[in-house]
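Asks: Have a look at this one before I ask anything.
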Amino acid sequence: MDAKTKKSCLNRLARIEGQVRGVRNMVEEDRYCIEILTQINAARAALDKVEQEVLREHLQSCVTHAFHSGSLSERRQKIDELIKVLDR
């Protein structure tokens with residue numbers, strides 16, 4: 001992972017940690033359920049953004065490398081990995 005993407009992901013993950021702590025506090029404080037659900041949805045969306053960044057980085061570096069300089073079996077392995085992770 002390049003340094004810029006890594007920094008971006010770590011910053012996003014730090015914010016997500018704060019969001020999750022906030023959700024925990026909301027539950028402890030017996031806040032209105034819809035408010036809690038809204039914050040959970042926001043945290044999930046933030047995690048989706050991190051996932052997109054990591055996937056983009058993987059495609060641009062690991063997969064690209066395998067297709068330019070790797071063997072046929074390495075290319076197939078990268079494709080299989082992507083299929084498995086996207087099926088989850």
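Just so we're on the same page: first chain in the structure tokens is A, next is B, and so on; residues restart at 1 for each chain, and ligands are numbered from 1 in the order they show up.
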Would you list the contacts of His65 (chain A) as a list in words, taking every protein, DNA or RNA residue within 10 Å and counting only C-alpha atoms, but skipping same-chain residues closer than 5 positions in sequence?

Replies: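 After dropping sequence-adjacent residues, the list is His58, Leu59, Gln60, Gly70, Glu74 and Arg75 of chain A.
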
Asks: Store the residues picked out above, limited to N, CA and C atoms, as a tab-separated table (two decimals), in the first residue's frame.

Replies:
```tsv
chain	number	residue	atom	x	y	z
A	58	HIS	N	-5.25	-2.35	-4.08
A	58	HIS	CA	-4.93	-3.73	-4.44
A	58	HIS	C	-4.98	-3.93	-5.96
A	59	LEU	N	-6.01	-3.40	-6.58
A	59	LEU	CA	-6.13	-3.53	-8.04
A	59	LEU	C	-5.00	-2.80	-8.77
A	60	GLN	N	-4.68	-1.61	-8.29
A	60	GLN	CA	-3.67	-0.80	-8.97
A	60	GLN	C	-2.25	-1.29	-8.72
A	70	GLY	N	3.69	-11.35	-13.67
A	70	GLY	CA	3.47	-12.62	-13.00
A	70	GLY	C	3.17	-13.74	-13.98
A	74	GLU	N	-0.24	-17.06	-11.13
A	74	GLU	CA	-0.34	-15.90	-10.23
A	74	GLU	C	-1.52	-15.01	-10.63
A	75	ARG	N	-1.73	-14.84	-11.92
A	75	ARG	CA	-2.88	-14.05	-12.39
A	75	ARG	C	-4.18	-14.69	-11.96
```

Asks: Identify, on the basis of only C-alpha atoms, every residue whose closest approach to Gln39 (chain A) does not exceed 12 Å; exclude the query and any residue fewer than 2 positions from it along the same chain; express the result as a list in words.

Replies: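 My list of contacting residues is Ile16, Gly18, Gln19, Val20, Arg21, Gly22, Val23, Arg24, Asn25, Met26, Val27, Arg31, Tyr32, Cys33, Ile34, Glu35, Ile36, Leu37, Asn41, Ala42, Ala43, Arg44, Ala45 and Ala46 of chain A.
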
Asks: I want to know what sits within 10 Å of Arg12 (chain A), based on only C-alpha atoms, with residues of the same chain fewer than 5 positions away left out; could you give that as a PyMOL selection string?

Replies: chain A and resi 6-7+17-18+46-47+49-50

Asks: Would you kindly return, as a VMD selection string, each protein, DNA or RNA residue with an atom no farther than 12 Å from any atom of Gln77 (chain A), considering only C-alpha atoms and excluding same-chain residues fewer than 5 positions away?

Replies: chain A and resid 62 to 63 66 to 67 70 to 72 82 to 84

Asks: What separation in Å, quoted to one decimal, exists between CA of Gln52 (chain A) and CA of Ile79 (chain A)?

Replies: 16.9 Å

Asks: What is the CA of Val54 (chain A) to CA of Ile40 (chain A) distance in Å?

Replies: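 Here the two named atoms are 21.2 Å from each other.
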
Asks: How would you write, as a PyMOL selection string, the set of residues in chain A that DSSP gives as alpha helix (DSSP H)?

Replies: chain A and resi 3-28+33-58+64-69+72-87
